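Colleague: Could you have a look at this structure, given as structure tokens, before my questions?
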Amino acid sequence: MAEPNYAVVQRLRMIDFLVAQYGAVNRRAIVDFFGVSEPTASHDFASYMEMAPGNIVYDKSARTYVRGATFERVWT
């Protein structure tokens, strides 16, 4: 995976932070905070899951990403 640009890194850091602090995050949080499109936010979650497998899991009933059993912060 190529090194993501600054804007992408900031969104990935936000995903990492929100999951660490609140145990869950959804696309709408990223879309609203950063002003990106839904597909861009979805791509960010896919990138995060590739970067940190097992950190987040998609909960279909809640339509949100929740902390995985093996969660470990990527950024501190």
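Residue names in the structure tokens use chain letters A, B, ... in the order shown, residue numbers from 1 in each chain, and ligand numbers from 1 in the order shown.
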List as a VMD selection string the protein and nucleic acid residues near range 3-16 of chain A, meaning an atom at most 8 Å away when only C-alpha atoms are counted, but skip any in the same chain fewer than 5 places from it.
Modeller: chain A and resid 25 30 34 44 to 45 48 73 to 75
Colleague: Just to be explicit: take each residue in the selection above, keep N, CA and C atoms, and write the result as a PDB file, in the first residue's frame.
Modeller:
```
ATOM      1  N   VAL A  25     -17.453   4.100  15.352  1.00  0.00           N
ATOM      2  CA  VAL A  25     -17.460   5.263  14.467  1.00  0.00           C
ATOM      3  C   VAL A  25     -18.200   4.860  13.199  1.00  0.00           C
ATOM      4  N   ILE A  30     -17.174  10.859   9.657  1.00  0.00           N
ATOM      5  CA  ILE A  30     -16.053  11.272   8.804  1.00  0.00           C
ATOM      6  C   ILE A  30     -16.535  12.231   7.722  1.00  0.00           C
ATOM      7  N   PHE A  34     -15.020  16.041   7.977  1.00  0.00           N
ATOM      8  CA  PHE A  34     -14.038  16.399   6.955  1.00  0.00           C
ATOM      9  C   PHE A  34     -14.649  16.921   5.660  1.00  0.00           C
ATOM     10  N   ASP A  44     -11.734   5.177   3.122  1.00  0.00           N
ATOM     11  CA  ASP A  44     -10.897   5.397   4.299  1.00  0.00           C
ATOM     12  C   ASP A  44     -11.035   4.243   5.291  1.00  0.00           C
ATOM     13  N   PHE A  45     -12.271   3.766   5.502  1.00  0.00           N
ATOM     14  CA  PHE A  45     -12.468   2.640   6.410  1.00  0.00           C
ATOM     15  C   PHE A  45     -11.803   1.381   5.859  1.00  0.00           C
ATOM     16  N   TYR A  48      -8.164   1.748   6.502  1.00  0.00           N
ATOM     17  CA  TYR A  48      -7.862   1.538   7.922  1.00  0.00           C
ATOM     18  C   TYR A  48      -7.878   0.053   8.258  1.00  0.00           C
ATOM     19  N   ARG A  73      -4.244   0.742  19.229  1.00  0.00           N
ATOM     20  CA  ARG A  73      -4.090   2.042  18.567  1.00  0.00           C
ATOM     21  C   ARG A  73      -2.967   2.016  17.540  1.00  0.00           C
ATOM     22  N   VAL A  74      -3.229   2.626  16.392  1.00  0.00           N
ATOM     23  CA  VAL A  74      -2.211   2.781  15.359  1.00  0.00           C
ATOM     24  C   VAL A  74      -1.410   4.046  15.659  1.00  0.00           C
ATOM     25  N   TRP A  75      -2.120   5.118  16.031  1.00  0.00           N
ATOM     26  CA  TRP A  75      -1.498   6.389  16.381  1.00  0.00           C
ATOM     27  C   TRP A  75      -1.779   6.680  17.844  1.00  0.00           C
TER      28      TRP A  75
END
```
Colleague: Ala62 in chain A: which residues within 12 Å, counting only C-alpha atoms, same-chain residues fewer than 4 positions away excluded, as a list in words?
Modeller: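 With the cut-off at 12 Å, the set is Ala24, Val25, Asn26, Arg27, Val57, Tyr58 and Val66 of chain A.
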Colleague: Which residues are near Pro53 in chain A? Cut-off 9 Å, only C-alpha atoms, ignore same chain within fewer than 5 positions. Put them as a list in words.
Modeller: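 The residues that qualify are Tyr48, Gly68, Thr70 and Phe71 of chain A.
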Colleague: Just list the residues in chain A DSSP gives strand (DSSP E or B) on the backbone, as a list in words.
Modeller: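 Selection result, strand (DSSP E or B) within chain A: Ala24, Val25, Ile56, Val57, Tyr58, Asp59, Thr64, Tyr65, Val66 and Arg67 of chain A.
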